>>> print(open('query_15.cif').read())   # mmCIF, C-alpha atoms
data_entry
#
loop_
_atom_site.label_atom_id
_atom_site.label_comp_id
_atom_site.auth_asym_id
_atom_site.auth_seq_id
_atom_site.Cartn_x
_atom_site.Cartn_y
_atom_site.Cartn_z
CA MET A 1 59.44 -52.97 -5.83
CA PRO A 2 56.12 -51.53 -7.04
CA TRP A 3 52.71 -52.98 -6.16
CA GLN A 4 49.20 -53.01 -7.57
CA ALA A 5 46.32 -51.59 -5.50
CA VAL A 6 42.85 -52.80 -6.47
CA THR A 7 39.93 -50.64 -5.29
CA LEU A 8 36.33 -51.86 -5.13
CA ILE A 9 33.20 -50.21 -3.70
CA VAL A 10 30.86 -52.73 -2.04
CA ASP A 11 28.03 -52.71 0.49
CA ALA A 12 28.20 -54.02 4.06
CA ARG A 13 26.60 -57.35 3.16
CA CYS A 14 29.57 -58.46 1.05
CA VAL A 15 32.58 -56.65 2.46
CA GLU A 16 33.81 -59.30 4.91
CA LYS A 17 33.52 -62.19 2.48
CA LEU A 18 35.22 -60.21 -0.29
CA SER A 19 38.09 -59.17 1.99
CA ASP A 20 38.70 -62.77 3.07
CA THR A 21 38.52 -64.04 -0.50
CA LEU A 22 41.01 -61.46 -1.77
CA LEU A 23 43.47 -62.43 0.95
CA GLU A 24 43.04 -66.11 0.12
CA SER A 25 43.68 -65.20 -3.53
CA GLY A 26 47.09 -63.70 -2.83
CA ALA A 27 46.45 -60.15 -1.66
CA LEU A 28 49.27 -58.92 0.58
CA SER A 29 46.83 -56.78 2.56
CA VAL A 30 43.23 -55.57 2.44
CA ASP A 31 42.08 -52.24 3.82
CA VAL A 32 38.40 -51.41 4.38
CA SER A 33 37.26 -47.83 4.89
CA ASP A 34 34.16 -45.68 4.64
CA ALA A 35 33.43 -45.01 0.97
CA ALA A 36 32.07 -41.63 2.07
CA ALA A 37 35.33 -40.61 3.79
CA GLY A 38 36.11 -36.97 3.21
CA THR A 39 32.47 -36.05 2.56
CA PRO A 40 29.79 -34.63 4.88
CA THR A 41 28.29 -38.13 5.24
CA GLU A 42 31.51 -39.72 6.54
CA ARG A 43 30.80 -41.73 9.70
CA PRO A 44 33.52 -42.67 12.23
CA LEU A 45 33.19 -46.07 13.89
CA PHE A 46 34.65 -46.91 17.30
CA ALA A 47 34.93 -50.15 19.27
CA GLU A 48 36.93 -51.63 22.10
CA PRO A 49 39.72 -54.04 21.06
CA GLY A 50 38.40 -57.53 20.46
CA SER A 51 34.89 -56.37 19.64
CA ALA A 52 33.27 -55.19 16.42
CA PRO A 53 31.57 -51.80 16.08
CA ALA A 54 27.84 -51.84 16.75
CA VAL A 55 27.25 -50.70 13.15
CA ASN A 56 29.16 -50.93 9.89
CA TRP A 57 29.49 -48.57 6.97
CA SER A 58 26.69 -49.09 4.47
CA VAL A 59 29.09 -48.56 1.55
CA ASN A 60 32.74 -49.61 1.86
CA ARG A 61 35.94 -48.90 -0.05
CA VAL A 62 38.00 -52.09 -0.23
CA VAL A 63 41.64 -51.68 -1.28
CA ALA A 64 43.65 -54.87 -1.86
CA LEU A 65 47.41 -54.76 -2.38
CA PHE A 66 48.98 -57.26 -4.80
CA ALA A 67 52.48 -57.89 -6.10
CA GLU A 68 53.38 -56.30 -9.42
CA ASP A 69 53.35 -59.57 -11.39
CA VAL A 70 49.90 -60.80 -10.25
CA ALA A 71 47.25 -61.12 -12.98
CA ILE A 72 44.55 -58.96 -11.43
CA GLU A 73 42.15 -59.55 -14.31
CA ASN A 74 42.05 -63.24 -13.41
CA ILE A 75 41.84 -62.93 -9.63
CA VAL A 76 39.28 -60.19 -9.07
CA PRO A 77 36.34 -61.66 -11.07
CA VAL A 78 36.74 -64.97 -9.24
CA ALA A 79 36.81 -63.21 -5.86
CA LEU A 80 33.72 -61.21 -6.79
CA ARG A 81 31.81 -64.30 -7.85
CA ALA A 82 32.78 -66.10 -4.62
CA SER A 83 31.45 -63.12 -2.68
CA ALA A 84 28.05 -63.17 -4.44
CA LEU A 85 28.95 -60.06 -6.42
CA PRO A 86 28.77 -59.59 -10.20
CA PRO A 87 32.10 -60.70 -11.70
CA THR A 88 31.82 -57.79 -14.16
CA MET A 89 31.78 -55.17 -11.37
CA VAL A 90 33.94 -52.17 -12.17
CA TYR A 91 37.11 -51.80 -10.10
CA GLY A 92 40.17 -49.59 -10.19
CA ILE A 93 43.87 -50.51 -10.36
CA ASP A 94 46.60 -48.15 -9.22
CA ARG A 95 50.35 -48.63 -9.34
CA ILE A 96 52.14 -47.92 -6.06
CA ASP A 97 55.83 -47.25 -6.53
CA ASP A 98 58.39 -48.11 -3.91
CA GLN A 99 59.17 -45.19 -1.63
CA ASP A 100 61.31 -44.17 1.28
CA TRP A 101 58.72 -45.39 3.76
CA VAL A 102 60.65 -44.18 6.80
CA ARG A 103 60.76 -40.64 5.44
CA LEU A 104 57.10 -40.85 4.40
CA THR A 105 56.08 -42.00 7.89
CA GLN A 106 58.12 -39.26 9.52
CA ALA A 107 56.39 -36.66 7.36
CA GLN A 108 53.06 -37.62 8.98
CA PHE A 109 54.32 -36.61 12.44
CA THR A 110 54.91 -32.92 12.93
CA PRO A 111 55.40 -30.83 16.09
CA GLN A 112 52.17 -30.72 18.12
CA LYS A 113 51.28 -27.57 20.03
CA ILE A 114 49.44 -28.69 23.17
CA SER A 115 49.24 -25.29 24.87
CA SER A 116 50.98 -21.94 24.83
CA ARG A 117 53.87 -23.45 26.79
CA LEU A 118 53.85 -27.15 25.84
CA TRP A 119 54.87 -28.85 22.59
CA VAL A 120 55.47 -32.48 21.57
CA VAL A 121 58.24 -32.56 18.97
CA PRO A 122 59.54 -35.61 17.04
CA THR A 123 63.31 -35.82 17.25
CA TRP A 124 63.81 -35.30 13.51
CA HIS A 125 62.09 -31.87 13.68
CA GLU A 126 63.54 -28.61 14.89
CA VAL A 127 62.00 -27.12 18.03
CA VAL A 128 59.40 -24.51 17.06
CA ASP A 129 59.32 -22.58 20.34
CA ALA A 130 62.56 -22.72 22.29
CA ALA A 131 60.94 -20.97 25.27
CA ALA A 132 58.27 -23.67 25.64
CA VAL A 133 58.48 -27.04 27.37
CA ASN A 134 59.32 -29.36 24.48
CA ILE A 135 58.75 -33.10 24.86
CA ARG A 136 60.98 -34.90 22.35
CA LEU A 137 59.23 -38.07 21.29
CA ASP A 138 59.31 -40.47 18.35
CA PRO A 139 56.38 -42.58 17.14
CA GLY A 140 57.04 -46.23 17.84
CA LEU A 141 55.47 -49.42 19.12
CA ALA A 142 53.94 -47.71 22.17
CA PHE A 143 50.80 -45.57 22.08
CA GLY A 144 51.13 -41.88 22.88
CA THR A 145 52.64 -39.28 20.54
CA GLY A 146 50.37 -36.32 21.22
CA THR A 147 48.51 -36.68 17.93
CA HIS A 148 45.48 -38.59 19.27
CA PRO A 149 42.72 -36.60 21.02
CA THR A 150 42.85 -38.79 24.15
CA THR A 151 46.56 -38.05 24.66
CA ARG A 152 46.09 -34.33 23.98
CA LEU A 153 43.25 -34.17 26.51
CA CYS A 154 45.49 -35.67 29.20
CA LEU A 155 48.39 -33.38 28.32
CA GLN A 156 46.12 -30.33 28.50
CA TRP A 157 44.80 -31.42 31.89
CA ILE A 158 48.33 -31.92 33.24
CA ASP A 159 49.41 -28.56 31.84
CA SER A 160 46.46 -26.75 33.49
CA ASN A 161 46.07 -28.63 36.77
CA LEU A 162 49.34 -30.20 37.94
CA LYS A 163 50.77 -28.53 41.04
CA ARG A 164 54.51 -28.27 41.52
CA GLY A 165 55.73 -31.15 43.65
CA ASP A 166 52.74 -33.42 42.94
CA SER A 167 53.41 -37.14 42.74
CA VAL A 168 52.02 -38.74 39.56
CA ILE A 169 51.21 -42.26 38.39
CA ASP A 170 50.62 -42.81 34.66
CA TYR A 171 48.73 -46.12 34.53
CA GLY A 172 48.87 -47.70 31.07
CA CYS A 173 51.76 -45.39 30.22
CA GLY A 174 52.47 -46.52 26.65
CA SER A 175 55.23 -44.25 25.36
CA GLY A 176 55.54 -42.62 28.80
CA ILE A 177 54.54 -39.23 27.41
CA LEU A 178 52.23 -38.30 30.31
CA ALA A 179 54.69 -39.18 33.07
CA VAL A 180 57.54 -37.47 31.22
CA THR A 181 55.45 -34.34 30.68
CA ALA A 182 54.43 -34.28 34.33
CA MET A 183 58.09 -34.28 35.38
CA LYS A 184 58.98 -31.57 32.87
CA LEU A 185 56.12 -29.43 34.24
CA GLY A 186 57.24 -29.68 37.86
CA ALA A 187 55.97 -32.94 39.35
CA GLY A 188 57.90 -34.07 42.40
CA CYS A 189 58.05 -37.68 41.20
CA ALA A 190 56.36 -39.80 38.53
CA ALA A 191 55.88 -43.48 37.81
CA GLY A 192 54.60 -45.22 34.70
CA VAL A 193 52.89 -48.61 34.57
CA ASP A 194 52.14 -50.83 31.58
CA ILE A 195 51.45 -54.48 30.76
CA ASP A 196 53.58 -54.37 27.58
CA GLU A 197 57.34 -54.84 27.92
CA GLN A 198 57.90 -53.11 24.57
CA ALA A 199 55.99 -50.08 25.83
CA LEU A 200 58.10 -49.99 28.99
CA LEU A 201 61.30 -50.11 26.93
CA ALA A 202 60.05 -47.25 24.74
CA ALA A 203 58.93 -45.27 27.79
CA ARG A 204 62.32 -45.61 29.50
CA ARG A 205 64.05 -44.49 26.31
CA ASN A 206 61.74 -41.47 25.98
CA ALA A 207 62.29 -40.50 29.62
CA LEU A 208 66.06 -40.67 29.15
CA GLN A 209 65.81 -38.65 25.94
CA ASN A 210 63.91 -35.91 27.81
CA GLN A 211 66.12 -36.08 30.92
CA ALA A 212 63.02 -36.89 32.98
CA ASP A 213 63.49 -38.97 36.13
CA VAL A 214 60.55 -41.39 35.79
CA THR A 215 60.38 -44.92 37.20
CA PHE A 216 58.52 -47.49 35.10
CA TYR A 217 56.92 -50.70 36.36
CA ALA A 218 55.26 -53.74 34.85
CA ALA A 219 51.58 -53.93 35.76
CA ALA A 220 52.25 -57.16 37.65
CA ASP A 221 54.47 -55.23 40.09
CA ASP A 222 52.87 -53.99 43.30
CA LEU A 223 52.91 -50.19 43.52
CA LYS A 224 52.64 -49.49 47.22
CA ALA A 225 53.00 -45.69 47.17
CA PRO A 226 49.83 -43.82 46.12
CA ALA A 227 50.07 -40.49 44.30
CA ASN A 228 48.44 -37.07 44.25
CA VAL A 229 47.49 -37.56 40.59
CA VAL A 230 46.71 -40.84 38.83
CA VAL A 231 46.31 -40.57 35.05
CA ALA A 232 45.00 -43.46 32.93
CA ASN A 233 44.58 -43.06 29.18
CA ILE A 234 43.32 -46.52 28.24
CA LEU A 235 39.77 -47.45 27.17
CA ALA A 236 36.39 -47.45 28.88
CA ASN A 237 36.14 -51.18 29.63
CA PRO A 238 39.55 -51.62 31.31
CA LEU A 239 39.10 -48.29 33.11
CA THR A 240 35.87 -49.57 34.63
CA VAL A 241 37.57 -52.79 35.79
CA LEU A 242 40.54 -50.85 37.20
CA ALA A 243 38.43 -48.49 39.34
CA PRO A 244 39.24 -50.14 42.73
CA LEU A 245 42.96 -50.33 41.93
CA LEU A 246 43.23 -46.73 40.70
CA ALA A 247 41.28 -45.59 43.76
CA ARG A 248 43.82 -47.37 45.99
CA LEU A 249 46.68 -45.67 44.12
CA THR A 250 45.20 -42.18 44.64
CA LEU A 251 45.92 -40.29 47.85
CA PRO A 252 42.97 -38.86 49.82
CA GLY A 253 42.22 -35.48 48.28
CA GLY A 254 44.13 -36.49 45.15
CA GLN A 255 42.75 -36.65 41.64
CA VAL A 256 42.13 -39.39 39.10
CA VAL A 257 42.22 -38.43 35.41
CA LEU A 258 40.69 -40.82 32.88
CA SER A 259 40.80 -40.71 29.09
CA GLY A 260 40.24 -43.06 26.16
CA ILE A 261 36.50 -42.75 26.75
CA LEU A 262 33.86 -42.12 24.10
CA ALA A 263 31.12 -39.66 25.05
CA PRO A 264 28.36 -42.33 25.32
CA GLN A 265 30.58 -44.34 27.71
CA ALA A 266 31.29 -41.48 30.11
CA GLU A 267 28.43 -42.03 32.55
CA GLU A 268 29.16 -45.76 32.90
CA VAL A 269 32.79 -45.00 33.78
CA CYS A 270 31.75 -42.27 36.22
CA VAL A 271 29.46 -44.71 38.02
CA ALA A 272 32.38 -47.13 38.51
CA TYR A 273 34.49 -44.41 40.21
CA ARG A 274 31.87 -42.56 42.28
CA PRO A 275 32.27 -44.77 45.37
CA TRP A 276 35.70 -43.09 45.82
CA PHE A 277 35.67 -39.91 43.71
CA ASP A 278 33.59 -36.84 42.95
CA MET A 279 33.58 -37.41 39.18
CA HIS A 280 32.88 -34.92 36.40
CA CYS A 281 33.60 -34.44 32.70
CA ILE A 282 36.29 -31.85 32.14
CA ILE A 283 37.02 -31.49 28.43
CA ALA A 284 36.09 -33.17 25.16
CA GLU A 285 37.54 -33.42 21.66
CA ASP A 286 35.72 -35.00 18.76
CA GLU A 287 34.02 -38.12 20.17
CA TRP A 288 36.40 -38.41 23.13
CA VAL A 289 36.03 -37.10 26.68
CA LEU A 290 38.30 -36.75 29.68
CA LEU A 291 36.88 -37.46 33.14
CA ALA A 292 38.44 -36.28 36.38
CA GLY A 293 37.51 -36.71 40.00
CA ARG A 294 38.83 -35.80 43.43
CA LYS A 295 39.12 -38.58 45.98
CA THR A 296 37.05 -38.04 49.10
CA ALA A 297 38.84 -38.18 52.44
#
>>> encode(input="query_15.cif", output="structure tokens")
Amino acid sequence: MPWQAVTLIVDARCVEKLSDTLLESGALSVDVSDAAAGTPTERPLFAEPGSAPAVNWSVNRVVALFAEDVAIENIVPVALRASALPPTMVYGIDRIDDQDWVRLTQAQFTPQKISSRLWVVPTWHEVVDAAAVNIRLDPGLAFGTGTHPTTRLCLQWIDSNLKRGDSVIDYGCGSGILAVTAMKLGAGCAAGVDIDEQALLAARRNALQNQADVTFYAAADDLKAPANVVVANILANPLTVLAPLLARLTLPGGQVVLSGILAPQAEEVCVAYRPWFDMHCIIAEDEWVLLAGRKTA
């Protein structure tokens, strides 16, 4: 079944009201993005879940999706008027034909080269480098496919710093990619922890698929055995709260590795961990940084 996509360009003052009005008028979905996307003035916005970015785009592209039989010419002027915008404002209408959405989604995920010896490869792709360590992973409900900078930063750290036989805890494991990779690169044992049961199911499946012996726990479980390396790719706020727990889970002389942190947040996170660790920034990609620290004896 085809759909109609209506595109409007509006300023920050009206974008929220217009989006709500379009949804109330029958839009199946509304997407808001930077109208300058793809140009030198594009501006990325970041925020923790549950909070709004500190700033908004000054000019927004609003795309509303409607069923094929909806009379757009009747709905849009009313929505514009209700949003204090001129009802004669110019807008675009595009037809979106039905597609093989599974195949289209798969096309967006290609093999990711993490280092000279490490690749993350979706299962529907052929292995590019048979001599490398290939992590076979499918995008799903759990975060962590190797495409996001925060995941790549953690994978690169593990690839460069993990010692054979190290014990590893992946706290907030998502898809389990970090724990699985650690085992494939020579860790002695690895555990993954998450609050989401769906993530734990996906992680166990991914570990089995990669023949990696990883044990996964719900966050409510009590992990009594600390590890040489504790990796947490979450977000700055929960990482700050988790500092005492992650310190307890790290062996003396062991290392904590933290990602999901924007550059302006790095110092605040470091402060939370300095009572236990010698913290420093290791690597950065785009707006994201990875912090690591060695636990003092």
>>> resolve_selection(input="query_15.cif", expression="the PyMOL selection byres ((chain A and resi 91-97) around 12)", output="number ranges by chain")
A: 1-10, 61-73, 76-77, 80, 86-90, 98-101
>>> resolve_selection(input="query_15.cif", expression="the PyMOL selection byres ((chain A and resi 266) around 10)", output="ChimeraX atom specification")
/A:236,258-265,267-271,280-281,288-291
>>> resolve_selection(input="query_15.cif", expression="the PyMOL selection byres ((chain A and resi 225-230) around 12)", output="MDAnalysis selection string")
chainID A and resid 154 157:158 161:173 178:179 182 187:193 221:224 231:233 242:243 245:259 291:295
>>> residues_near_point(input="query_15.cif", point="(64.2, -30.2, 15.8)", cutoff="12 Å", atoms="all atoms listed in the file", output="list in words")
Thr110, Pro111, Trp119, Val120, Val121, Pro122, Thr123, Trp124, His125, Glu126, Val127, Val128, Asp129, Ala130, Asn134, Ile135, Arg136, Leu137 and Asp138 of chain A
>>> atom_distance(input="query_15.cif", atom1="CA of Arg152 (chain A)", atom2="CA of Val32 (chain A)")
27.1 Å
>>> atom_distance(input="query_15.cif", atom1="CA of Ser58 (chain A)", atom2="CA of Ala12 (chain A)")
5.2 Å
>>> atom_distance(input="query_15.cif", atom1="CA of Asn74 (chain A)", atom2="CA of Glu24 (chain A)")
13.9 Å
>>> closest_residue(input="query_15.cif", among="A:Thr21, A:Asn60, A:Thr39, A:Ser116", to="Arg81 (chain A)", atoms="all atoms listed in the file")
A:Thr21
>>> closest_residue(input="query_15.cif", among="A:Gly186, A:Ser29, A:Ile177, A:Ala220", to="Leu208 (chain A)", atoms="all atoms listed in the file")
A:Ile177
>>> residues_around(input="query_15.cif", residues="Ser115 (chain A)", least_positions_apart="3", cutoff="8 Å", atoms="all atoms listed in the file", output="VMD selection string")
chain A and resid 118 to 119 156 159
>>> closest_residue(input="query_15.cif", among="A:Glu42, A:Asp194, A:Asp34, A:Glu287", to="Ile234 (chain A)", atoms="all atoms listed in the file")
A:Asp194
>>> residues_around(input="query_15.cif", residues="Lys184 (chain A)", least_positions_apart="3", cutoff="7 Å", atoms="all atoms listed in the file", output="PyMOL selection string")
chain A and resi 180-181+212
>>> residues_around(input="query_15.cif", residues="Trp57 (chain A)", least_positions_apart="5", cutoff="9 Å", atoms="all atoms listed in the file", output="CSV table (one decimal) with C-alpha atoms, keeping the file's coordinate frame")
chain,number,residue,atom,x,y,z
A,11,ASP,CA,28.0,-52.7,0.5
A,12,ALA,CA,28.2,-54.0,4.1
A,33,SER,CA,37.3,-47.8,4.9
A,34,ASP,CA,34.2,-45.7,4.6
A,35,ALA,CA,33.4,-45.0,1.0
A,36,ALA,CA,32.1,-41.6,2.1
A,43,ARG,CA,30.8,-41.7,9.7
A,44,PRO,CA,33.5,-42.7,12.2
A,45,LEU,CA,33.2,-46.1,13.9
>>> axis_aligned_box(input="query_15.cif", around="region 267-285 of chain A", padding_each_side="6 Å", output="lines of an AutoDock Vina configuration file")
center_x = 33.0
center_y = -39.3
center_z = 33.7
size_x = 21.1
size_y = 27.6
size_z = 36.2
